[in-house]
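The file final06.cif contains mmCIF, C-alpha atoms:
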data_protein
loop_
_atom_site.label_atom_id
_atom_site.label_comp_id
_atom_site.auth_asym_id
_atom_site.auth_seq_id
_atom_site.Cartn_x
_atom_site.Cartn_y
_atom_site.Cartn_z
CA MET A 1 8.98 -14.02 18.88
CA PRO A 2 5.80 -11.89 18.96
CA THR A 3 5.79 -8.48 17.33
CA PRO A 4 5.57 -5.44 19.65
CA VAL A 5 1.88 -4.99 18.84
CA LEU A 6 1.07 -8.64 19.49
CA ALA A 7 3.07 -8.52 22.72
CA ALA A 8 1.13 -5.42 23.80
CA ILE A 9 -2.15 -7.21 23.08
CA GLU A 10 -1.04 -10.18 25.20
CA GLU A 11 -0.16 -7.90 28.09
CA ARG A 12 -3.69 -6.51 28.10
CA ALA A 13 -5.55 -9.63 27.03
CA GLU A 14 -7.71 -9.92 30.15
CA GLU A 15 -8.64 -6.25 29.95
CA ILE A 16 -9.61 -6.53 26.25
CA ALA A 17 -11.75 -9.60 26.89
CA ALA A 18 -13.48 -7.96 29.85
CA PHE A 19 -14.71 -5.05 27.72
CA GLY A 20 -16.69 -7.36 25.41
CA PRO A 21 -20.04 -7.55 27.22
CA ALA A 22 -20.11 -3.81 27.92
CA SER A 23 -19.34 -2.96 24.30
CA GLU A 24 -22.13 -5.27 23.16
CA ALA A 25 -24.57 -3.63 25.55
CA GLU A 26 -23.52 -0.15 24.44
CA GLY A 27 -23.73 -0.97 20.72
CA LYS A 28 -20.22 0.31 20.13
CA LEU A 29 -16.80 -0.14 21.69
CA THR A 30 -16.57 1.39 25.13
CA GLU A 31 -14.13 4.22 25.60
CA GLY A 32 -11.92 1.85 27.55
CA ALA A 33 -11.81 -0.61 24.67
CA VAL A 34 -11.01 2.19 22.24
CA LYS A 35 -8.16 3.38 24.44
CA VAL A 36 -6.67 -0.11 24.50
CA LEU A 37 -6.82 -0.30 20.69
CA ARG A 38 -4.99 3.00 20.47
CA ASP A 39 -2.43 1.97 23.09
CA VAL A 40 -1.47 -1.39 21.56
CA GLY A 41 -0.74 0.23 18.20
CA ILE A 42 -2.73 -1.95 15.83
CA MET A 43 -4.18 1.08 14.06
CA ARG A 44 -0.67 2.17 13.11
CA MET A 45 0.54 -1.15 11.75
CA LEU A 46 -0.29 -0.41 8.10
CA ALA A 47 0.18 3.36 8.31
CA PRO A 48 3.17 5.01 6.58
CA LYS A 49 6.25 5.76 8.64
CA SER A 50 6.01 9.38 7.54
CA TYR A 51 2.99 9.70 9.84
CA GLY A 52 4.15 7.54 12.73
CA GLY A 53 3.13 4.20 11.24
CA PHE A 54 4.97 0.89 11.41
CA GLU A 55 4.54 -0.32 7.79
CA SER A 56 4.21 -3.83 9.20
CA HIS A 57 4.15 -7.00 7.15
CA PRO A 58 0.48 -7.88 6.47
CA VAL A 59 0.94 -11.27 8.13
CA GLU A 60 1.94 -9.53 11.37
CA TRP A 61 -1.14 -7.32 11.16
CA ALA A 62 -3.42 -10.29 10.46
CA GLU A 63 -2.02 -12.19 13.44
CA ALA A 64 -2.68 -9.20 15.69
CA VAL A 65 -6.26 -8.94 14.39
CA MET A 66 -6.80 -12.66 15.02
CA ARG A 67 -5.60 -12.38 18.60
CA LEU A 68 -7.87 -9.43 19.27
CA GLY A 69 -10.79 -11.32 17.73
CA SER A 70 -10.11 -14.30 19.96
CA LEU A 71 -10.45 -12.02 22.99
CA ASP A 72 -13.45 -10.01 21.82
CA GLY A 73 -15.11 -10.17 18.42
CA ALA A 74 -15.98 -6.49 18.08
CA THR A 75 -12.51 -5.36 19.10
CA GLY A 76 -10.89 -7.71 16.59
CA TRP A 77 -13.33 -6.59 13.89
CA LEU A 78 -12.35 -2.93 14.31
CA GLY A 79 -8.68 -3.85 14.44
CA GLY A 80 -9.17 -5.35 10.98
CA ILE A 81 -11.76 -3.20 9.27
CA VAL A 82 -10.67 0.17 10.66
CA GLY A 83 -7.03 -0.83 10.95
CA VAL A 84 -6.82 -1.43 7.19
CA HIS A 85 -7.66 2.13 6.20
CA PRO A 86 -4.24 3.69 6.95
CA TRP A 87 -2.94 1.38 4.22
CA GLU A 88 -5.11 3.15 1.66
CA VAL A 89 -4.58 6.63 3.11
CA ALA A 90 -0.87 6.05 2.51
CA MET A 91 -1.65 5.99 -1.23
CA ALA A 92 -3.95 9.02 -1.21
CA ASP A 93 -2.93 12.53 -2.23
CA PRO A 94 -0.43 14.02 0.25
CA LYS A 95 -2.81 16.94 0.82
CA VAL A 96 -5.50 14.71 2.27
CA GLN A 97 -2.95 12.75 4.31
CA GLN A 98 -1.96 16.05 5.92
CA GLU A 99 -5.61 16.94 6.52
CA ILE A 100 -6.21 13.65 8.31
CA TRP A 101 -2.99 13.12 10.24
CA GLY A 102 -1.24 16.49 10.19
CA GLU A 103 -2.28 17.42 13.72
CA ASP A 104 -3.05 13.99 15.17
CA GLN A 105 -1.51 10.77 13.88
CA ASP A 106 -4.03 8.71 15.87
CA VAL A 107 -7.07 9.84 13.86
CA TRP A 108 -9.12 6.84 12.76
CA VAL A 109 -10.64 6.45 9.29
CA GLY A 110 -13.69 4.25 8.77
CA SER A 111 -15.57 3.13 5.70
CA PRO A 112 -18.32 1.55 3.92
CA TYR A 113 -16.72 0.78 0.55
CA ALA A 114 -19.96 -0.25 -1.15
CA PRO A 115 -20.58 2.24 -4.02
CA MET A 116 -23.82 3.68 -2.63
CA GLY A 117 -23.08 7.31 -3.54
CA VAL A 118 -22.57 9.30 -6.73
CA LEU A 119 -20.08 12.07 -7.49
CA LYS A 120 -21.49 14.83 -9.68
CA PRO A 121 -18.77 16.99 -11.34
CA THR A 122 -18.72 20.62 -10.27
CA GLY A 123 -15.81 23.05 -10.66
CA ASP A 124 -12.59 21.53 -9.31
CA GLY A 125 -14.38 18.72 -7.56
CA TYR A 126 -17.70 17.00 -7.06
CA GLU A 127 -21.06 17.29 -5.36
CA PHE A 128 -21.56 14.14 -3.32
CA ASN A 129 -24.73 12.39 -2.20
CA GLY A 130 -25.53 8.94 -0.89
CA HIS A 131 -26.62 6.63 1.92
CA TRP A 132 -24.42 3.79 3.18
CA GLN A 133 -24.90 1.00 5.70
CA PHE A 134 -22.45 -0.76 8.00
CA SER A 135 -19.80 1.86 8.85
CA SER A 136 -17.97 -0.11 11.54
CA GLY A 137 -16.51 1.89 14.40
CA THR A 138 -17.85 5.09 12.92
CA ASP A 139 -18.46 6.76 16.29
CA HIS A 140 -14.71 6.68 16.91
CA CYS A 141 -13.63 7.85 13.43
CA ASP A 142 -13.14 11.41 12.20
CA TRP A 143 -12.88 10.57 8.48
CA LEU A 144 -14.44 7.97 6.21
CA PHE A 145 -13.72 6.24 2.93
CA LEU A 146 -17.04 6.05 1.09
CA GLY A 147 -17.53 3.95 -2.02
CA ALA A 148 -18.98 5.89 -4.94
CA LEU A 149 -19.62 5.90 -8.66
CA LEU A 150 -18.48 8.72 -10.90
CA GLY A 151 -21.47 10.59 -12.30
CA ASP A 152 -22.22 12.96 -15.16
CA GLU A 153 -23.48 16.55 -15.04
CA THR A 154 -26.99 15.33 -14.19
CA GLY A 155 -25.80 13.24 -11.24
CA ALA A 156 -26.44 9.92 -12.96
CA PRO A 157 -23.65 7.28 -12.89
CA ILE A 158 -21.59 7.20 -16.07
CA MET A 159 -21.51 3.99 -18.09
CA PRO A 160 -19.71 1.70 -17.89
CA PRO A 161 -19.60 2.29 -14.12
CA ARG A 162 -16.38 3.66 -12.61
CA MET A 163 -15.93 3.01 -8.92
CA VAL A 164 -13.89 5.28 -6.64
CA HIS A 165 -13.25 5.73 -2.93
CA VAL A 166 -13.98 9.16 -1.48
CA LEU A 167 -12.33 10.57 1.64
CA ILE A 168 -14.69 12.77 3.61
CA PRO A 169 -14.39 14.48 7.02
CA ARG A 170 -16.82 14.09 9.92
CA SER A 171 -18.32 17.51 9.30
CA ASP A 172 -19.62 16.42 5.87
CA TYR A 173 -21.60 13.31 6.83
CA GLU A 174 -24.32 12.26 9.23
CA ILE A 175 -24.16 9.15 11.42
CA VAL A 176 -27.62 7.62 11.62
CA GLN A 177 -28.06 6.67 15.26
CA ASP A 178 -30.09 3.58 16.18
CA SER A 179 -29.29 2.02 12.80
CA TRP A 180 -27.30 -0.91 14.21
CA ASP A 181 -29.60 -3.49 15.80
CA VAL A 182 -28.25 -6.91 14.87
CA VAL A 183 -27.64 -10.40 16.19
CA GLY A 184 -23.84 -10.28 16.43
CA LEU A 185 -20.83 -7.95 16.45
CA LYS A 186 -23.03 -5.46 18.24
CA GLY A 187 -20.02 -3.75 19.78
CA THR A 188 -18.74 -2.66 16.37
CA GLY A 189 -21.33 0.13 16.14
CA SER A 190 -21.59 -0.36 12.36
CA LYS A 191 -24.12 2.42 11.75
CA ASP A 192 -25.55 4.03 8.62
CA ILE A 193 -24.01 7.10 7.00
CA LYS A 194 -25.74 9.84 4.98
CA VAL A 195 -24.16 12.50 2.79
CA LYS A 196 -26.20 15.27 1.23
CA GLY A 197 -24.72 17.85 -1.11
CA ALA A 198 -21.16 17.70 0.25
CA PHE A 199 -18.35 19.19 -1.83
CA VAL A 200 -15.44 16.82 -2.49
CA PRO A 201 -12.24 18.24 -4.04
CA ASP A 202 -10.53 16.19 -6.73
CA TYR A 203 -7.61 15.20 -4.51
CA ARG A 204 -9.85 13.35 -2.05
CA VAL A 205 -10.92 10.80 -4.67
CA VAL A 206 -9.00 7.50 -4.98
CA SER A 207 -9.21 5.25 -8.06
CA TYR A 208 -10.51 1.82 -7.16
CA ASP A 209 -9.09 0.23 -10.32
CA LYS A 210 -5.56 1.29 -9.39
CA LEU A 211 -6.00 -0.11 -5.89
CA ALA A 212 -7.36 -3.35 -7.29
CA ASP A 213 -4.36 -4.08 -9.50
CA GLY A 214 -1.74 -2.70 -7.09
CA SER A 215 -0.54 0.03 -9.46
CA LEU A 216 -1.45 3.01 -7.26
CA ALA A 217 1.47 2.41 -4.89
CA ARG A 218 3.94 2.54 -7.76
CA GLU A 219 2.29 5.68 -9.10
CA MET A 220 2.65 7.32 -5.66
CA GLY A 221 6.29 6.25 -5.36
CA LEU A 222 5.82 3.92 -2.38
CA GLU A 223 8.60 1.35 -2.21
CA ASN A 224 7.40 -0.90 0.61
CA PRO A 225 5.80 -4.02 -0.96
CA LEU A 226 3.01 -3.71 1.61
CA TYR A 227 1.33 -1.03 -0.49
CA SER A 228 1.60 -2.91 -3.78
CA VAL A 229 -0.45 -5.86 -2.57
CA PRO A 230 -3.78 -5.69 -4.44
CA PHE A 231 -6.74 -4.24 -2.55
CA SER A 232 -8.53 -7.60 -2.71
CA GLY A 233 -5.61 -9.14 -0.84
CA ILE A 234 -5.55 -6.59 1.99
CA PHE A 235 -9.05 -5.32 2.76
CA PRO A 236 -10.67 -8.79 2.98
CA LEU A 237 -7.70 -9.99 5.04
CA GLY A 238 -8.63 -7.75 7.96
CA ILE A 239 -12.22 -8.96 7.99
CA THR A 240 -11.46 -12.66 7.63
CA SER A 241 -8.67 -12.46 10.21
CA ALA A 242 -11.22 -11.15 12.68
CA VAL A 243 -13.59 -14.03 11.87
CA VAL A 244 -10.83 -16.64 12.26
CA GLY A 245 -9.84 -15.01 15.54
CA ILE A 246 -13.43 -15.13 16.74
CA ALA A 247 -13.51 -18.83 15.88
CA GLU A 248 -10.34 -19.33 17.92
CA GLY A 249 -11.97 -17.51 20.81
CA ALA A 250 -15.07 -19.68 20.55
CA LEU A 251 -12.89 -22.79 20.62
CA ALA A 252 -11.01 -21.55 23.68
CA HIS A 253 -14.24 -20.90 25.61
CA HIS A 254 -15.64 -24.25 24.50
CA LEU A 255 -12.57 -26.12 25.71
CA ALA A 256 -12.59 -24.33 29.06
CA TYR A 257 -16.25 -25.22 29.50
CA GLN A 258 -15.90 -28.86 28.44
CA ARG A 259 -12.93 -29.58 30.66
CA GLY A 260 -15.01 -30.36 33.70
CA ARG A 261 -18.43 -30.81 32.11
CA VAL A 262 -20.61 -33.83 32.89
CA GLN A 263 -23.47 -34.55 30.47
CA ILE A 264 -27.02 -35.23 31.62
CA THR A 265 -26.35 -38.93 31.05
CA GLY A 266 -23.64 -38.77 33.67
CA THR A 267 -20.84 -39.16 31.13
CA LYS A 268 -17.88 -36.85 31.53
CA ILE A 269 -16.80 -35.13 28.32
CA LYS A 270 -13.30 -36.50 28.78
CA ASP A 271 -14.82 -39.97 28.46
CA ASP A 272 -17.00 -39.22 25.41
CA PRO A 273 -15.09 -40.18 22.24
CA TYR A 274 -17.74 -38.66 19.96
CA VAL A 275 -17.48 -35.18 21.43
CA LEU A 276 -13.70 -35.37 21.66
CA THR A 277 -13.47 -36.39 17.99
CA ALA A 278 -15.64 -33.42 16.99
CA ILE A 279 -13.47 -31.08 19.05
CA GLY A 280 -10.34 -32.41 17.39
CA GLU A 281 -11.81 -32.00 13.90
CA ALA A 282 -13.04 -28.48 14.64
CA SER A 283 -9.66 -27.48 16.03
CA ALA A 284 -7.95 -28.74 12.89
CA GLU A 285 -10.37 -26.80 10.66
CA ILE A 286 -9.85 -23.54 12.54
CA HIS A 287 -6.09 -24.03 12.43
CA ALA A 288 -6.29 -24.75 8.70
CA SER A 289 -8.26 -21.54 8.18
CA ARG A 290 -5.55 -19.53 9.90
CA THR A 291 -2.79 -21.23 7.92
CA VAL A 292 -4.43 -20.79 4.53
CA LEU A 293 -5.27 -17.14 5.18
CA LEU A 294 -1.76 -16.20 6.28
CA ASP A 295 -0.11 -18.21 3.51
CA ASN A 296 -2.37 -16.51 0.99
CA VAL A 297 -1.30 -12.98 1.84
CA ASN A 298 2.31 -14.01 2.39
CA ARG A 299 2.48 -15.27 -1.21
CA LEU A 300 0.96 -12.03 -2.51
CA TYR A 301 3.45 -9.96 -0.54
CA ASP A 302 6.44 -12.03 -1.66
CA GLY A 303 5.28 -11.76 -5.24
CA VAL A 304 4.98 -7.97 -5.31
CA ALA A 305 8.27 -7.70 -3.41
CA ALA A 306 9.86 -9.62 -6.31
CA GLY A 307 8.31 -7.26 -8.84
CA ARG A 308 5.31 -9.39 -9.83
CA THR A 309 1.94 -8.05 -10.82
CA TYR A 310 -1.09 -10.28 -10.41
CA SER A 311 -3.62 -11.08 -13.09
CA PHE A 312 -7.34 -10.90 -12.46
CA ALA A 313 -7.52 -14.70 -12.39
CA GLU A 314 -4.78 -14.88 -9.76
CA ARG A 315 -6.54 -12.29 -7.65
CA ALA A 316 -9.74 -14.33 -7.93
CA ASP A 317 -7.92 -17.42 -6.65
CA SER A 318 -6.62 -15.39 -3.71
CA ARG A 319 -10.15 -14.27 -2.86
CA ARG A 320 -11.37 -17.85 -3.14
CA ASN A 321 -8.82 -18.97 -0.56
CA GLN A 322 -9.72 -16.09 1.77
CA VAL A 323 -13.48 -16.70 1.55
CA SER A 324 -13.10 -20.44 2.10
CA ALA A 325 -11.02 -19.79 5.22
CA ALA A 326 -13.88 -17.84 6.78
CA TRP A 327 -16.50 -20.47 5.95
CA ARG A 328 -14.31 -23.32 7.19
CA ALA A 329 -13.71 -21.60 10.53
CA VAL A 330 -17.36 -20.75 11.18
CA ARG A 331 -18.55 -24.23 10.23
CA ALA A 332 -16.11 -25.56 12.82
CA VAL A 333 -17.59 -23.22 15.42
CA ASP A 334 -21.03 -24.63 14.65
CA GLU A 335 -19.72 -28.14 15.30
CA ILE A 336 -18.44 -27.32 18.78
CA VAL A 337 -21.44 -25.17 19.74
CA ALA A 338 -23.74 -28.08 18.82
CA ARG A 339 -21.83 -30.15 21.39
CA SER A 340 -21.93 -27.58 24.19
CA GLY A 341 -25.39 -28.40 25.51
CA GLY A 342 -28.01 -25.89 26.52
CA ASN A 343 -25.85 -24.31 29.20
CA GLY A 344 -23.26 -23.31 26.62
CA LEU A 345 -25.87 -21.08 24.99
CA ARG A 346 -27.03 -19.26 28.09
CA MET A 347 -26.67 -15.50 27.65
CA ASP A 348 -24.21 -15.30 30.52
CA HIS A 349 -21.85 -17.73 28.77
CA PRO A 350 -19.29 -16.11 26.44
CA LEU A 351 -19.49 -18.94 23.91
CA GLN A 352 -22.86 -17.78 22.57
CA ARG A 353 -21.51 -14.26 21.92
CA PHE A 354 -18.56 -15.61 19.92
CA TRP A 355 -20.96 -17.87 18.00
CA ARG A 356 -23.19 -14.92 17.10
CA ASP A 357 -20.22 -12.71 16.24
CA ALA A 358 -18.76 -15.40 13.97
CA HIS A 359 -21.97 -15.69 11.98
CA MET A 360 -22.37 -11.93 11.71
CA GLY A 361 -18.82 -11.68 10.39
CA LEU A 362 -19.44 -14.45 7.88
CA ALA A 363 -22.47 -12.52 6.58
CA HIS A 364 -20.27 -9.63 5.41
CA ALA A 365 -20.42 -9.14 1.64
CA ILE A 366 -16.71 -9.93 1.38
CA HIS A 367 -17.47 -13.53 2.36
CA VAL A 368 -20.17 -14.30 -0.24
CA PRO A 369 -18.72 -17.41 -1.93
CA GLY A 370 -20.83 -17.85 -5.06
CA SER A 371 -19.43 -15.29 -7.47
CA VAL A 372 -15.89 -15.58 -6.10
CA ASN A 373 -15.77 -19.34 -6.62
CA HIS A 374 -17.46 -18.96 -10.01
CA VAL A 375 -14.91 -16.42 -11.23
CA SER A 376 -11.99 -18.41 -9.83
CA ALA A 377 -13.18 -21.54 -11.65
CA LEU A 378 -13.55 -19.64 -14.93
CA GLY A 379 -9.96 -18.49 -14.58
CA GLN A 380 -8.77 -22.01 -13.90
CA VAL A 381 -10.21 -23.19 -17.21
CA GLY A 382 -8.78 -20.17 -19.03
CA LEU A 383 -11.95 -18.11 -19.42
CA GLU A 384 -12.63 -14.47 -18.51
CA PRO A 385 -15.77 -13.58 -16.54
CA PRO A 386 -18.17 -11.10 -18.08
CA PRO A 387 -17.96 -7.44 -17.01
CA GLY A 388 -20.24 -6.45 -14.19
CA PRO A 389 -20.92 -7.52 -10.59
CA MET A 390 -19.02 -10.81 -10.84
CA ARG A 391 -15.76 -8.87 -11.10
CA ALA A 392 -16.44 -6.79 -7.99
CA MET A 393 -13.92 -6.87 -5.14
CA ILE A 394 -11.38 -9.01 -7.03
#
Rendering of file as structure tokens:
Amino acid sequence: MPTPVLAAIEERAEEIAAFGPASEAEGKLTEGAVKVLRDVGIMRMLAPKSYGGFESHPVEWAEAVMRLGSLDGATGWLGGIVGVHPWEVAMADPKVQQEIWGEDQDVWVGSPYAPMGVLKPTGDGYEFNGHWQFSSGTDHCDWLFLGALLGDETGAPIMPPRMVHVLIPRSDYEIVQDSWDVVGLKGTGSKDIKVKGAFVPDYRVVSYDKLADGSLAREMGLENPLYSVPFSGIFPLGITSAVVGIAEGALAHHLAYQRGRVQITGTKIKDDPYVLTAIGEASAEIHASRTVLLDNVNRLYDGVAAGRTYSFAERADSRRNQVSAAWRAVRAVDEIVARSGGNGLRMDHPLQRFWRDAHMGLAHAIHVPGSVNHVSALGQVGLEPPPGPMRAMI
């Protein structure tokens, strides 16, 4: 039986899909698309019940993101990458939770988590400066999480580096317009952000290390296992779920197109065993991507619910599974697009938009396979990776 959010998405599926071309043309979600996202409730799925959230199981959230992605890539992307942030706000200082949601529980929080800013200590807080790219949905958000490094009194990062997430209101940052001109996911409006000399009080700074190992939830007294899942099991889940959903959408449009298609040779697709075999293989790969991704987070959730904590090596294996799911799904999309003929890539055909969106989603830093697979393999043979970039986002 579908969850209430998934059921709400199904009820408005045609409407969500119809917004896609307009959002792409506008370079951000249209106001109509934003309203639907608010109405269906996906942005509340991971939010705490104390602020009107549902505290949903992460599998339920991922399934909702996938369905949105299958209808429109940009809408699914924001359901995942903006929809994840209430999960982290739930572990932030109660004072900043009240600042964000005290008057309006539907306030959206965006991010770029890349540590492109530095916090310089001053008084009971920090002076904050930096420039970030790729803040998805930022036009519709009133707060952001910004990745940063702790600095010293001169403003230089301390060594070894210490990464944090900084919560900052709209009044303290600049959205760089016309900074999102890309091949896919155009409707996400993932623009640049600049911060210059903003003051950040201590309580708006979240420790990345405590998010990474799942200990922050226990420190904040949160009992729902949802919040004890490591950051590397939740944040990437939203992004990869969107990519898998986009792949499912591409497959659906491909199948609808192929049903009555006749090739230039005069052969109907239904009579071409080579194309049909490729379709079957691609379908299996996309389904496998969904299954692996959901199983991955389900195991993490069940483990923390039973009181487990996960080692770095185990978290690396989880990331390996998540990254491979994205690559498997997009490779399958390439196989069906290559068998769609020239008409399948006309700009008035939805298949080409899903194809572009899938590749743009795969290009996200969270899907880079090299270091993740490297670190996972080291763990499998009982070795620790060296400190530094290879340990990032695990």
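When CA of Val330 (chain A) is paired with CA of Val372 (chain A), their separation reads 18.1 Å.
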Expanded to explicit residues, what is the PyMOL selection byres ((chain A and resi 93) around 9) for this file, as number ranges by chain? A: 89-92, 94-98, 203-206, 220
Which neighbours of Asp317 (chain A) fall inside 8 Å, counting all atoms listed in the file, when residues of the same chain fewer than 4 positions from it are skipped, and could you give them as a ChimeraX atom specification? /A:313,321,376
Measuring between only C-alpha atoms, which one of A:Ile234, A:Ile168, A:Leu119, A:Met163 shows the shortest distance to Val59 (chain A)? A:Ile234
Check which residues satisfy the PyMOL selection byres ((chain A and resi 114) around 9) in the file shown, then give them as an MDAnalysis selection string. chainID A and resid 111:113 115:117 132:133 146:148
Could those selected residues go to a file with C-alpha atoms, as a PDB file, in the coordinates of the input?
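Contents of out.pdb, as written:
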ATOM      1  CA  SER A 111     -15.570   3.130   5.700  1.00  0.00           C
ATOM      2  CA  PRO A 112     -18.320   1.550   3.920  1.00  0.00           C
ATOM      3  CA  TYR A 113     -16.720   0.780   0.550  1.00  0.00           C
ATOM      4  CA  PRO A 115     -20.580   2.240  -4.020  1.00  0.00           C
ATOM      5  CA  MET A 116     -23.820   3.680  -2.630  1.00  0.00           C
ATOM      6  CA  GLY A 117     -23.080   7.310  -3.540  1.00  0.00           C
ATOM      7  CA  TRP A 132     -24.420   3.790   3.180  1.00  0.00           C
ATOM      8  CA  GLN A 133     -24.900   1.000   5.700  1.00  0.00           C
ATOM      9  CA  LEU A 146     -17.040   6.050   1.090  1.00  0.00           C
ATOM     10  CA  GLY A 147     -17.530   3.950  -2.020  1.00  0.00           C
ATOM     11  CA  ALA A 148     -18.980   5.890  -4.940  1.00  0.00           C
TER      12      ALA A 148
END
Length of the CA of Ala22 (chain A) to CA of Lys186 (chain A) vector [Å]: 10.2 Å
Taking the file as shown, what set of residues would the PyMOL selection byres ((chain A and resi 380) around 12) give back, as an mmCIF file with C-alpha atoms, in the frame of the given file?
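Result saved to result.cif:
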data_model
loop_
_atom_site.group_PDB
_atom_site.id
_atom_site.type_symbol
_atom_site.label_atom_id
_atom_site.label_comp_id
_atom_site.auth_asym_id
_atom_site.auth_seq_id
_atom_site.Cartn_x
_atom_site.Cartn_y
_atom_site.Cartn_z
ATOM 1 C CA PHE A 312 -7.340 -10.900 -12.460
ATOM 2 C CA ALA A 313 -7.520 -14.700 -12.390
ATOM 3 C CA GLU A 314 -4.780 -14.880 -9.760
ATOM 4 C CA ARG A 315 -6.540 -12.290 -7.650
ATOM 5 C CA ALA A 316 -9.740 -14.330 -7.930
ATOM 6 C CA ASP A 317 -7.920 -17.420 -6.650
ATOM 7 C CA ARG A 320 -11.370 -17.850 -3.140
ATOM 8 C CA ASN A 373 -15.770 -19.340 -6.620
ATOM 9 C CA HIS A 374 -17.460 -18.960 -10.010
ATOM 10 C CA VAL A 375 -14.910 -16.420 -11.230
ATOM 11 C CA SER A 376 -11.990 -18.410 -9.830
ATOM 12 C CA ALA A 377 -13.180 -21.540 -11.650
ATOM 13 C CA LEU A 378 -13.550 -19.640 -14.930
ATOM 14 C CA GLY A 379 -9.960 -18.490 -14.580
ATOM 15 C CA VAL A 381 -10.210 -23.190 -17.210
ATOM 16 C CA GLY A 382 -8.780 -20.170 -19.030
ATOM 17 C CA LEU A 383 -11.950 -18.110 -19.420
ATOM 18 C CA GLU A 384 -12.630 -14.470 -18.510
ATOM 19 C CA PRO A 385 -15.770 -13.580 -16.540
#
Pick from A:Gly73, A:Pro121, A:Gly361, A:Gly110: nearest to Gly187 (chain A), with only C-alpha atoms counted? A:Gly73
